[in-house]
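Chemist: Please find start07.pdb (PDB, C-alpha atoms) on the next line:
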```pdb
ATOM      1  CA  MET A   1     -47.483  18.531 -25.755
ATOM      2  CA  SER A   2     -45.896  21.258 -27.789
ATOM      3  CA  LYS A   3     -42.224  21.458 -28.642
ATOM      4  CA  VAL A   4     -41.765  24.428 -26.302
ATOM      5  CA  ASN A   5     -43.293  22.511 -23.367
ATOM      6  CA  LYS A   6     -41.069  19.490 -24.147
ATOM      7  CA  LYS A   7     -37.982  21.739 -24.106
ATOM      8  CA  ILE A   8     -39.026  23.309 -20.787
ATOM      9  CA  ALA A   9     -39.704  19.876 -19.279
ATOM     10  CA  LEU A  10     -36.338  18.652 -20.556
ATOM     11  CA  LEU A  11     -34.569  21.717 -19.106
ATOM     12  CA  TRP A  12     -36.159  20.962 -15.695
ATOM     13  CA  ALA A  13     -35.466  17.235 -15.933
ATOM     14  CA  ILE A  14     -31.717  17.607 -16.525
ATOM     15  CA  PRO A  15     -30.960  19.388 -13.171
ATOM     16  CA  VAL A  16     -33.284  17.023 -11.296
ATOM     17  CA  LEU A  17     -31.534  14.055 -12.908
ATOM     18  CA  MET A  18     -28.102  15.518 -12.056
ATOM     19  CA  VAL A  19     -29.157  16.040  -8.428
ATOM     20  CA  ALA A  20     -30.455  12.447  -8.277
ATOM     21  CA  VAL A  21     -27.204  11.068  -9.747
ATOM     22  CA  GLY A  22     -25.174  13.202  -7.330
ATOM     23  CA  LEU A  23     -27.246  11.941  -4.408
ATOM     24  CA  VAL A  24     -26.751   8.313  -5.453
ATOM     25  CA  PHE A  25     -22.988   8.917  -5.833
ATOM     26  CA  TRP A  26     -22.831  10.599  -2.397
ATOM     27  CA  LEU A  27     -24.716   7.696  -0.780
ATOM     28  CA  ALA A  28     -22.393   5.150  -2.446
ATOM     29  CA  THR A  29     -19.373   7.109  -1.186
ATOM     30  CA  GLN A  30     -20.779   7.163   2.357
ATOM     31  CA  VAL A  31     -21.309   3.389   2.271
ATOM     32  CA  ALA A  32     -17.718   2.886   1.039
ATOM     33  CA  VAL A  33     -16.357   5.183   3.777
ATOM     34  CA  LYS A  34     -18.337   3.356   6.497
ATOM     35  CA  THR A  35     -17.148  -0.022   5.149
ATOM     36  CA  HIS A  36     -13.546   1.199   5.137
ATOM     37  CA  GLN A  37     -13.872   2.596   8.681
ATOM     38  CA  SER A  38     -15.394  -0.662   9.871
ATOM     39  CA  ALA A  39     -12.575  -2.699   8.278
ATOM     40  CA  SER A  40      -9.967  -0.321   9.782
ATOM     41  CA  ASN A  41     -11.523  -0.680  13.228
ATOM     42  CA  GLU A  42     -11.540  -4.478  12.933
ATOM     43  CA  LEU A  43      -7.900  -4.418  11.830
ATOM     44  CA  ALA A  44      -6.968  -2.186  14.784
ATOM     45  CA  VAL A  45      -8.697  -4.597  17.184
ATOM     46  CA  GLU A  46      -6.862  -7.586  15.646
ATOM     47  CA  GLN A  47      -3.553  -5.720  15.788
ATOM     48  CA  SER A  48      -4.175  -4.895  19.451
ATOM     49  CA  LYS A  49      -4.902  -8.573  20.181
ATOM     50  CA  LEU A  50      -1.681  -9.621  18.421
ATOM     51  CA  ILE A  51       0.382  -7.068  20.362
ATOM     52  CA  LYS A  52      -1.108  -8.317  23.653
ATOM     53  CA  LYS A  53      -0.459 -11.913  22.630
ATOM     54  CA  LYS A  54       3.142 -11.089  21.642
ATOM     55  CA  SER A  55       3.807  -9.320  24.948
ATOM     56  CA  LYS A  56       2.280 -12.279  26.786
ATOM     57  CA  VAL A  57       4.612 -14.632  24.892
ATOM     58  CA  GLY A  58       7.528 -12.331  25.746
ATOM     59  CA  THR A  59       6.560 -12.402  29.435
ATOM     60  CA  VAL A  60       6.285 -16.198  29.375
ATOM     61  CA  LEU A  61       9.672 -16.402  27.622
ATOM     62  CA  ASP A  62      11.227 -14.125  30.257
ATOM     63  CA  SER A  63       9.908 -16.277  33.096
ATOM     64  CA  LYS A  64      10.450 -19.721  31.528
ATOM     65  CA  GLN A  65      13.601 -19.067  29.515
ATOM     66  CA  PRO A  66      15.408 -16.059  31.000
ATOM     67  CA  ASN A  67      18.683 -17.013  29.270
ATOM     68  CA  VAL A  68      17.001 -17.076  25.845
ATOM     69  CA  SER A  69      15.417 -13.712  26.592
ATOM     70  CA  ALA A  70      18.772 -12.266  27.708
ATOM     71  CA  ALA A  71      20.457 -13.614  24.553
ATOM     72  CA  SER A  72      17.756 -12.066  22.369
ATOM     73  CA  THR A  73      18.105  -8.680  24.084
ATOM     74  CA  LEU A  74      21.903  -8.637  23.755
ATOM     75  CA  LEU A  75      21.809  -9.781  20.115
ATOM     76  CA  ASP A  76      19.317  -7.036  19.296
ATOM     77  CA  LYS A  77      21.724  -4.421  20.735
ATOM     78  CA  LEU A  78      24.648  -5.959  18.883
ATOM     79  CA  PHE A  79      22.907  -6.061  15.496
ATOM     80  CA  THR A  80      21.642  -2.503  15.935
ATOM     81  CA  LEU A  81      25.275  -1.367  16.219
ATOM     82  CA  ASP A  82      26.406  -3.752  13.486
ATOM     83  CA  TRP A  83      23.887  -2.863  10.793
ATOM     84  CA  THR A  84      23.007   0.803  11.334
ATOM     85  CA  VAL A  85      25.577   2.457   9.096
ATOM     86  CA  ALA A  86      25.137   5.851   7.434
ATOM     87  CA  SER A  87      28.779   6.582   6.506
ATOM     88  CA  GLN A  88      32.211   5.042   6.110
ATOM     89  CA  LYS A  89      33.232   6.640   9.414
ATOM     90  CA  GLU A  90      30.381   4.853  11.224
ATOM     91  CA  PHE A  91      31.282   1.581   9.498
ATOM     92  CA  ASP A  92      34.903   1.905  10.599
ATOM     93  CA  ALA A  93      33.859   2.697  14.202
ATOM     94  CA  LYS A  94      31.260  -0.062  14.646
ATOM     95  CA  ALA A  95      33.713  -2.844  15.622
ATOM     96  CA  LYS A  96      34.914  -0.820  18.611
ATOM     97  CA  GLN A  97      31.306  -0.207  19.716
ATOM     98  CA  MET A  98      30.407  -3.900  19.354
ATOM     99  CA  THR A  99      33.451  -5.271  21.214
ATOM    100  CA  PRO A 100      31.978  -5.000  24.774
ATOM    101  CA  TYR A 101      29.188  -7.425  23.788
ATOM    102  CA  VAL A 102      31.355 -10.254  22.431
ATOM    103  CA  THR A 103      34.342 -12.433  23.339
ATOM    104  CA  GLN A 104      37.821 -11.783  21.916
ATOM    105  CA  ASP A 105      37.435 -14.957  19.851
ATOM    106  CA  VAL A 106      34.444 -13.377  18.074
ATOM    107  CA  VAL A 107      36.404 -10.159  17.497
ATOM    108  CA  LYS A 108      39.182 -12.198  15.828
ATOM    109  CA  ASN A 109      37.005 -14.513  13.725
ATOM    110  CA  SER A 110      33.686 -12.872  12.865
ATOM    111  CA  LEU A 111      33.212 -11.231   9.458
ATOM    112  CA  ASP A 112      31.348  -8.420  11.193
ATOM    113  CA  PHE A 113      34.601  -7.267  12.827
ATOM    114  CA  LYS A 114      36.711  -7.240   9.658
ATOM    115  CA  ALA A 115      38.037  -3.907   8.414
ATOM    116  CA  ASP A 116      36.964  -2.439   5.076
ATOM    117  CA  PRO A 117      40.194  -1.459   3.279
ATOM    118  CA  ASP A 118      38.303  -0.866   0.010
ATOM    119  CA  LYS A 119      36.044   1.751   1.655
ATOM    120  CA  MET A 120      32.951   0.220   0.061
ATOM    121  CA  ILE A 121      30.509   2.517   1.888
ATOM    122  CA  THR A 122      32.279   5.560   0.441
ATOM    123  CA  GLN A 123      32.449   3.990  -3.028
ATOM    124  CA  THR A 124      28.818   2.895  -3.195
ATOM    125  CA  GLY A 125      27.150   5.551  -1.042
ATOM    126  CA  VAL A 126      24.895   2.908   0.475
ATOM    127  CA  VAL A 127      23.112   3.635   3.761
ATOM    128  CA  MET A 128      22.057   0.690   5.955
ATOM    129  CA  THR A 129      19.585   0.544   8.818
ATOM    130  CA  TYR A 130      18.949  -2.401  11.121
ATOM    131  CA  ASP A 131      15.247  -3.252  10.946
ATOM    132  CA  HIS A 132      14.726  -6.294  13.184
ATOM    133  CA  MET A 133      15.939  -9.810  13.895
ATOM    134  CA  ASP A 134      14.308 -13.196  14.273
ATOM    135  CA  PHE A 135      16.108 -15.313  16.869
ATOM    136  CA  LEU A 136      15.564 -19.067  16.601
ATOM    137  CA  PRO A 137      17.129 -20.759  19.633
ATOM    138  CA  THR A 138      18.182 -24.373  19.062
ATOM    139  CA  SER A 139      19.388 -25.118  22.604
ATOM    140  CA  ALA A 140      19.441 -23.352  25.949
ATOM    141  CA  SER A 141      21.106 -24.196  29.234
ATOM    142  CA  ALA A 142      22.506 -22.375  32.241
ATOM    143  CA  THR A 143      25.855 -21.985  30.463
ATOM    144  CA  GLU A 144      25.015 -21.531  26.769
ATOM    145  CA  VAL A 145      22.248 -20.488  24.407
ATOM    146  CA  LYS A 146      22.728 -21.472  20.763
ATOM    147  CA  GLY A 147      20.651 -20.663  17.744
ATOM    148  CA  LYS A 148      20.227 -19.035  14.383
ATOM    149  CA  VAL A 149      19.385 -15.407  13.737
ATOM    150  CA  ILE A 150      17.889 -13.841  10.639
ATOM    151  CA  VAL A 151      18.766 -10.139  10.631
ATOM    152  CA  SER A 152      16.690  -7.854   8.396
ATOM    153  CA  VAL A 153      18.571  -4.803   7.147
ATOM    154  CA  LYS A 154      17.102  -2.009   5.041
ATOM    155  CA  SER A 155      19.547  -0.332   2.685
ATOM    156  CA  HIS A 156      19.389   2.221  -0.075
ATOM    157  CA  LEU A 157      21.515   4.334  -2.321
ATOM    158  CA  LYS A 158      20.974   8.082  -2.291
ATOM    159  CA  TYR A 159      17.489   8.983  -3.573
ATOM    160  CA  SER A 160      16.419   5.362  -4.111
ATOM    161  CA  ALA A 161      13.868   3.157  -2.384
ATOM    162  CA  ASP A 162      14.775   0.819   0.469
ATOM    163  CA  ALA A 163      15.680  -2.793  -0.214
ATOM    164  CA  THR A 164      15.643  -5.432   2.521
ATOM    165  CA  THR A 165      18.462  -7.947   2.904
ATOM    166  CA  ARG A 166      18.293 -10.774   5.413
ATOM    167  CA  PHE A 167      21.576 -12.050   6.842
ATOM    168  CA  VAL A 168      21.699 -15.456   8.536
ATOM    169  CA  TYR A 169      23.946 -16.106  11.522
ATOM    170  CA  ASN A 170      24.872 -19.007  13.769
ATOM    171  CA  VAL A 171      25.150 -17.564  17.272
ATOM    172  CA  SER A 172      26.044 -18.615  20.810
ATOM    173  CA  TYR A 173      25.601 -16.678  24.015
ATOM    174  CA  ASN A 174      27.042 -17.246  27.488
ATOM    175  CA  PRO A 175      24.525 -16.209  30.180
ATOM    176  CA  LYS A 176      27.190 -16.215  32.915
ATOM    177  CA  THR A 177      29.415 -13.642  31.167
ATOM    178  CA  ASN A 178      26.570 -11.953  29.226
ATOM    179  CA  LEU A 179      28.688 -12.125  26.051
ATOM    180  CA  VAL A 180      28.128 -13.443  22.546
ATOM    181  CA  THR A 181      30.597 -16.303  22.044
ATOM    182  CA  GLN A 182      29.821 -17.089  18.377
ATOM    183  CA  LEU A 183      28.783 -14.705  15.601
ATOM    184  CA  ASP A 184      29.154 -16.526  12.300
ATOM    185  CA  ARG A 185      27.475 -14.927   9.294
ATOM    186  CA  ILE A 186      26.661 -17.887   7.056
ATOM    187  CA  GLY A 187      24.921 -16.134   4.173
ATOM    188  CA  THR A 188      21.796 -14.302   3.132
ATOM    189  CA  TYR A 189      18.223 -15.476   3.243
ATOM    190  CA  GLN A 190      15.947 -14.967   0.273
ATOM    191  CA  LEU A 191      12.210 -15.002   0.751
ATOM    192  CA  GLN A 192      10.419 -16.078  -2.393
ATOM    193  CA  SER A 193       6.696 -16.247  -2.705
ATOM    194  CA  ASP A 194       4.155 -17.327  -5.249
ATOM    195  CA  SER A 195       2.128 -14.177  -6.001
ATOM    196  CA  SER A 196      -0.869 -16.288  -6.968
ATOM    197  CA  VAL A 197      -1.431 -17.203  -3.307
ATOM    198  CA  LEU A 198      -1.117 -13.655  -1.986
TER
END
```
I'd like the structure from this file rewritten - as structure tokens, please.
Modeler:
Amino acid sequence: MSKVNKKIALLWAIPVLMVAVGLVFWLATQVAVKTHQSASNELAVEQSKLIKKKSKVGTVLDSKQPNVSAASTLLDKLFTLDWTVASQKEFDAKAKQMTPYVTQDVVKNSLDFKADPDKMITQTGVVMTYDHMDFLPTSASATEVKGKVIVSVKSHLKYSADATTRFVYNVSYNPKTNLVTQLDRIGTYQLQSDSSVL
């Protein structure tokens, strides 16, 4: 084969090779997309099962332990008011909004009802948002529900990412009056994990 024929063959081989490589790349991409879609669908199915299971547990809790369910609902309302704070004005007004859900004893003794003379929200510029709570009842009767609550609060300074703080409370609730009778913040909860097991 002459040099000219080799050059012509090489010029034809390069586009054919590029098309073949492109085809292989496209096929690999399609396989990856289908795998991702399949995994997403499986995850959606699992999530749906978990949501159904959680609502079933909630329904069972409502029927078997209506006082625990009522306590959980009231505490959720209370902590939403307590920990959703975007300004000093909102912080100063929250105690008045929370008062209908608690006894006067709680208003007098709970840290969550104390005034902020130092105006820390104004000084720091922090914005807080109630995320969720985990209520762990320790006893329940017709007259009192007691337990611990872990309240997750997202907070951030202007233009910074959210950080989550978890506050731990000892709580009591009176089903007859539908009021929180104890709201003692006992500290914060730190979740530490070993990244090697994640």
Chemist: Would you place a box with edges along x, y and z of the file around all atoms of range 19-31 of chain A listed there, add 4 Å to each of its six sides, and report the centre and edge lengths in Å to one decimal, as lines of an AutoDock Vina configuration file?
Modeler:
```
center_x = -24.9
center_y = 9.7
center_z = -3.7
size_x = 19.1
size_y = 20.7
size_z = 20.1
```
Chemist: When the PyMOL selection byres ((chain A and resi 156-172) around 7) is applied to the structure above, which residues does it catch, written out as a PyMOL selection string?
Modeler: chain A and resi 125-128+144-155+173-174+180-189
Chemist: Do you have the CA of Gln37 in chain A-CA of Gly22 in chain A distance handy?
Modeler: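 We find that CA of Gln37 in chain A and CA of Gly22 in chain A lie 22.3 Å from each other.
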Chemist: Can you tell me how far CA of Lys49 in chain A sits from CA of Asn67 in chain A, in Å to one decimal?
Modeler: 26.6 Å
Chemist: Which is closest to Leu179 in chain A among A:Thr73, A:Thr84, A:Thr129, A:Thr124, if we use all atoms listed in the file?
Modeler: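 Residue with the minimum atom-to-atom distance to Leu179 in chain A: A:Thr73.
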Chemist: Ranking A:Ala71, A:Ile121, A:Leu81, A:Ala140 by minimum distance to Thr177 in chain A and counting all atoms listed in the file, which one comes first?
Modeler: A:Ala71
Chemist: Quick one: pull the distance between CA of Lys7 in chain A and CA of Phe25 in chain A, Å, one decimal.
Modeler: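 Those two atoms sit 26.9 Å apart.
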Chemist: Using all atoms listed in the file, find the one residue out of A:Phe113, A:Phe135, A:Tyr101, A:Trp26 that sits nearest to Asn178 in chain A.
Modeler: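 Residue with the minimum atom-to-atom distance to Asn178 in chain A: A:Tyr101.
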